[in-house]
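Enquirer: Dropping the structure in here first, questions after.
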Amino acid sequence: MISVDEALDRIFTRIPTPLPESVPLARAHKRVLLNPLLAKHTQPPFDASAMDGYAVRAAEVVPGKPVFLAGTSQAGQRFTGMMQSGECVRIFTGAPLPIGADAVIMQEQATADGNQVVFHKAPRPGQSIRRKGNDFTEGTELLPAGMSLTPAMLNLAASANYAELEVAKRPRLAVLATGDELVPPGSTLGPDQIVASNSYGLIPLLSSYAEKVVDLGIVRDDKKALEQSILGAFDYGVDVLLTSGGASVGERDYVQDVLRDLGVRLDFWKILMRPGKPLMFGTRGKTLVFGLPGNPISAFVTATVLVRPALRLMTGHTDPFFPFMGVPLAADLPPGGERRHFMRGKLNRNEIGFLEVTPIAETDSNHSSSLARADALIIQPEDSPGIPAGEIVEIIPLNMLG
Ligand code: AMP
Ligand code: MG
């Protein structure tokens, strides 16, 4: 059996280099740039007013002394003349500063009467002006490669005049459930039947990292049927195949055999983690194959801990993990075993409003209701002697981040 870190390392070495594709800005949310984004122009492209008011020459303004109003500069339509000595120009937010002006006085500090304007206060030179290039200049690196594009980043890319962005292509995923006892949600349950739930958590957990997710449904514990379904996925050209169930070495656990028969090179099939010990990983050409355990918590947790980081790298993220999050424990953790434990936890605020995490005392890996209640996985390291309340533990947040 190998450690979680060793498993991640082995998976990461198999990640194909992401390929680029162009997508319209409106579809680029959460996609990842493969190259830094450079500004195509200078912003603002001209000196502009930051206020509604009057453009003036700062040195000439004397409070109370009338100044001649020579014209107007609107956003989108500048004052075309040259502002002469002793003149001012009506100006609006975002409008180009007239030639000859060096400050803007906001309208609240002025009184206009016909074409005469009186200012209440002398301005500082440069006052209320947004200088050309104040935001960015042509060629500036605006965004780094390797990060998920946020709404604010897309706003910036638009302002830098990009209609499309070159981002990493996303893989095509296929998800398959296997087990003779499984029936789809909504079925009338026969004796000994279980509702197949795994794919309904796995797909939304991972779909933002996928171009397309093919749900291969439920396949019987039958070698031929499994072979057919999995081969279909390979022939279709999926980049990542996830199976759940049938992954151990029970009499009717065929996944490992079938994968080998179909030419999958299995790298490992057991990991020192809890939940989720039986977890297969292998490759077939460029396709990554994960044989997840059948127990719903094990399937979900292994997908969170091992598959999602792999998909993050495949989709161009520089960091396979989310930023480190440490939170104080609200209750003692008992000593752990040799496997790294990903324990369900509930985030809450203590009496003084600080975030803390309360372990959920449920270790059954079939217990879906406690996973639904959890909003984090608490990571208890291998061979941990127990962790007292108040200590900071690392968590993987479950529902706050994509
Ligand atoms: P297995 O790995 O096939 O031995 O399955 C382990 C446990 O997980 C059994 O109790 C299965 O009934 C259950 N199980 C397997 N696949 C699913 C699934 N897709 N949804 C819910 N439970 C499942
Ligand atoms: Mg089974």
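We label chains A, B, ... in the order they appear in the structure tokens, count residues from 1 in each chain, and number ligands from 1 in the order shown.
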Once you count only C-alpha atoms and all ligand atoms, what closest atom pair and distance in Å to one decimal does each residue of chain A within 8 Å of ligand 1 have, with rows by chain and rising residue number, as a tab-separated table?
Expert:
```
residue	atom	partner	partner_atom_place_in_ligand_line	distance
A:Leu176	CA	ligand 1	19 (N)	8.0
A:Ala177	CA	ligand 1	19 (N)	4.7
A:Thr178	CA	ligand 1	16 (N)	5.8
A:Gly179	CA	ligand 1	3 (O)	5.6
A:Glu181	CA	ligand 1	12 (O)	6.3
A:Leu182	CA	ligand 1	18 (C)	6.7
A:Ile194	CA	ligand 1	12 (O)	6.1
A:Val195	CA	ligand 1	21 (C)	5.9
A:Ala196	CA	ligand 1	20 (N)	3.4
A:Ser197	CA	ligand 1	20 (N)	3.9
A:Asn198	CA	ligand 1	19 (N)	4.2
A:Ser199	CA	ligand 1	19 (N)	6.1
A:Ile218	CA	ligand 1	19 (N)	7.5
A:Ser244	CA	ligand 1	16 (N)	5.6
A:Gly245	CA	ligand 1	3 (O)	3.5
A:Gly246	CA	ligand 1	3 (O)	3.7
A:Ala247	CA	ligand 1	2 (O)	5.2
A:Ser248	CA	ligand 1	2 (O)	6.0
A:Gly250	CA	ligand 1	4 (O)	7.2
A:Asp253	CA	ligand 1	3 (O)	6.5
A:Leu292	CA	ligand 1	2 (O)	7.9
A:Pro293	CA	ligand 1	2 (O)	4.8
A:Gly294	CA	ligand 1	15 (C)	3.5
A:Asn295	CA	ligand 1	8 (O)	3.4
A:Pro296	CA	ligand 1	22 (N)	5.3
A:Asn366	CA	ligand 1	8 (O)	6.7
```
Enquirer: Where in region 211-373 of chain A does DSSP assign alpha helix (DSSP H), given as a tab-separated table (two decimals) with C-alpha atoms, in the first residue's frame?
Expert:
```
chain	number	residue	atom	x	y	z
A	223	LYS	CA	-17.35	-9.22	-16.84
A	224	LYS	CA	-18.72	-9.01	-20.37
A	225	ALA	CA	-21.07	-6.12	-19.58
A	226	LEU	CA	-18.33	-4.19	-17.82
A	227	GLU	CA	-15.91	-4.81	-20.65
A	228	GLN	CA	-18.39	-3.57	-23.20
A	229	SER	CA	-19.24	-0.42	-21.32
A	230	ILE	CA	-15.64	0.50	-20.52
A	231	LEU	CA	-14.46	-0.26	-24.03
A	232	GLY	CA	-17.23	1.98	-25.32
A	233	ALA	CA	-15.84	4.82	-23.21
A	234	PHE	CA	-12.30	4.23	-24.49
A	235	ASP	CA	-13.49	4.08	-28.09
A	236	TYR	CA	-15.38	7.32	-27.60
A	255	VAL	CA	-13.24	-3.96	-12.36
A	256	GLN	CA	-9.55	-4.66	-11.87
A	257	ASP	CA	-9.60	-7.72	-14.14
A	258	VAL	CA	-11.55	-5.97	-16.84
A	259	LEU	CA	-9.29	-2.93	-16.81
A	260	ARG	CA	-6.22	-5.12	-17.16
A	261	ASP	CA	-7.87	-7.13	-19.94
A	296	PRO	CA	-20.56	6.42	-1.21
A	297	ILE	CA	-18.34	8.28	1.25
A	298	SER	CA	-15.21	6.51	0.01
A	299	ALA	CA	-16.06	7.29	-3.60
A	300	PHE	CA	-16.73	10.95	-2.86
A	301	VAL	CA	-13.70	11.43	-0.63
A	302	THR	CA	-11.25	9.70	-2.96
A	308	ARG	CA	-10.01	16.59	-8.43
A	309	PRO	CA	-6.33	17.58	-8.04
A	310	ALA	CA	-5.57	15.53	-11.16
A	311	LEU	CA	-8.32	17.33	-13.07
A	312	ARG	CA	-7.03	20.67	-11.85
A	313	LEU	CA	-3.64	19.94	-13.39
A	314	MET	CA	-5.23	18.62	-16.58
A	368	SER	CA	-24.36	9.57	3.19
A	369	SER	CA	-26.33	11.82	5.51
A	370	SER	CA	-23.25	12.76	7.54
A	371	LEU	CA	-21.35	13.62	4.37
A	372	ALA	CA	-24.20	15.84	3.27
A	373	ARG	CA	-24.07	17.59	6.65
```
Enquirer: What is the distance, in Å and to one decimal place, between CA of Lys40 (chain A) and CA of Pro24 (chain A)?
Expert: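 These two atoms are separated by 16.5 Å.
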Enquirer: Quick one: residues within 12 Å of Ser384 (chain A), only C-alpha atoms, excluding same-chain residues fewer than 3 positions away - as a list in words?
Expert: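 Counting only C-alpha atoms, the residues come to Leu333, Pro334, Pro335, Gly336, Gly337, Glu338, Arg339, Arg340, His341, Ile379, Gln380, Pro381, Ile387, Pro388 and Val393 of chain A.
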Enquirer: When DSSP works through the backbone of this structure, what residues of region 49-179 of chain A end up as strand (DSSP E or B), shown as a PyMOL selection string?
Expert: chain A and resi 49+53-56+67-74+77+82+87-91+96+99+103-106+110-113+116-119+129-130+136+141-143+148+164-168+172-178
Enquirer: Neighbouring residues of Ile15 (chain A) were defined as those with any atom within 12 Å, considering only C-alpha atoms; residues of the same chain fewer than 5 positions away were excluded. Please report them as a compact mmCIF listing (two decimals) with N, CA and C atoms, in the first residue's frame.
Expert:
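Output contents, as saved in selection.txt:
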```
# COMPACT_ATOMS: atom_id res chain seq x y z
N LEU A 8 -0.61 10.59 -5.12
CA LEU A 8 -0.77 11.85 -5.86
C LEU A 8 0.40 12.07 -6.81
N ASP A 9 1.61 11.82 -6.31
CA ASP A 9 2.80 11.99 -7.16
C ASP A 9 2.70 11.12 -8.41
N ARG A 10 2.31 9.87 -8.18
CA ARG A 10 2.25 8.95 -9.33
C ARG A 10 1.18 9.38 -10.32
N PRO A 171 -10.79 18.01 -20.08
CA PRO A 171 -10.91 16.61 -20.49
C PRO A 171 -12.36 16.16 -20.61
N ASP A 239 -10.99 11.10 -21.76
CA ASP A 239 -9.67 11.39 -21.20
C ASP A 239 -9.53 10.84 -19.79
N VAL A 240 -10.68 10.79 -19.10
CA VAL A 240 -10.68 10.28 -17.72
C VAL A 240 -11.88 9.37 -17.55
N GLY A 282 -4.80 3.82 -13.03
CA GLY A 282 -4.00 3.32 -14.14
C GLY A 282 -4.19 4.19 -15.35
N THR A 283 -3.46 3.85 -16.40
CA THR A 283 -3.56 4.62 -17.64
C THR A 283 -3.68 3.68 -18.82
N GLY A 285 -2.96 4.53 -22.70
CA GLY A 285 -2.56 5.65 -23.56
C GLY A 285 -2.62 6.92 -22.73
N LYS A 286 -3.33 7.91 -23.24
CA LYS A 286 -3.44 9.17 -22.50
C LYS A 286 -4.62 9.18 -21.54
N THR A 287 -5.41 8.13 -21.55
CA THR A 287 -6.59 8.11 -20.68
C THR A 287 -6.22 7.70 -19.26
N LEU A 288 -6.71 8.50 -18.31
CA LEU A 288 -6.50 8.16 -16.90
C LEU A 288 -7.71 7.38 -16.41
N VAL A 289 -7.47 6.35 -15.64
CA VAL A 289 -8.57 5.53 -15.14
C VAL A 289 -8.50 5.48 -13.62
N VAL A 307 -8.86 12.65 -7.40
CA VAL A 307 -9.27 12.91 -8.79
C VAL A 307 -9.32 14.41 -9.07
N PRO A 309 -7.65 16.98 -7.77
CA PRO A 309 -6.33 17.58 -8.04
C PRO A 309 -5.79 17.19 -9.42
N ALA A 310 -6.04 15.95 -9.83
CA ALA A 310 -5.57 15.53 -11.16
C ALA A 310 -6.27 16.36 -12.24
N LEU A 311 -7.57 16.56 -12.08
CA LEU A 311 -8.32 17.33 -13.07
C LEU A 311 -7.88 18.79 -13.07
N ARG A 312 -7.51 19.29 -11.90
CA ARG A 312 -7.03 20.67 -11.85
C ARG A 312 -5.75 20.82 -12.70
N LEU A 313 -4.86 19.86 -12.57
CA LEU A 313 -3.64 19.94 -13.39
C LEU A 313 -3.96 19.76 -14.86
N MET A 314 -4.87 18.85 -15.17
CA MET A 314 -5.23 18.62 -16.58
C MET A 314 -5.83 19.87 -17.20
N THR A 315 -6.51 20.67 -16.37
CA THR A 315 -7.19 21.86 -16.91
C THR A 315 -6.35 23.12 -16.77
N GLY A 316 -5.04 22.94 -16.53
CA GLY A 316 -4.14 24.09 -16.61
C GLY A 316 -3.83 24.79 -15.30
N HIS A 317 -4.47 24.39 -14.20
CA HIS A 317 -4.17 25.02 -12.92
C HIS A 317 -2.72 24.71 -12.53
N PRO A 320 -2.46 22.02 -7.96
CA PRO A 320 -3.51 21.00 -7.97
C PRO A 320 -4.47 21.13 -6.78
```
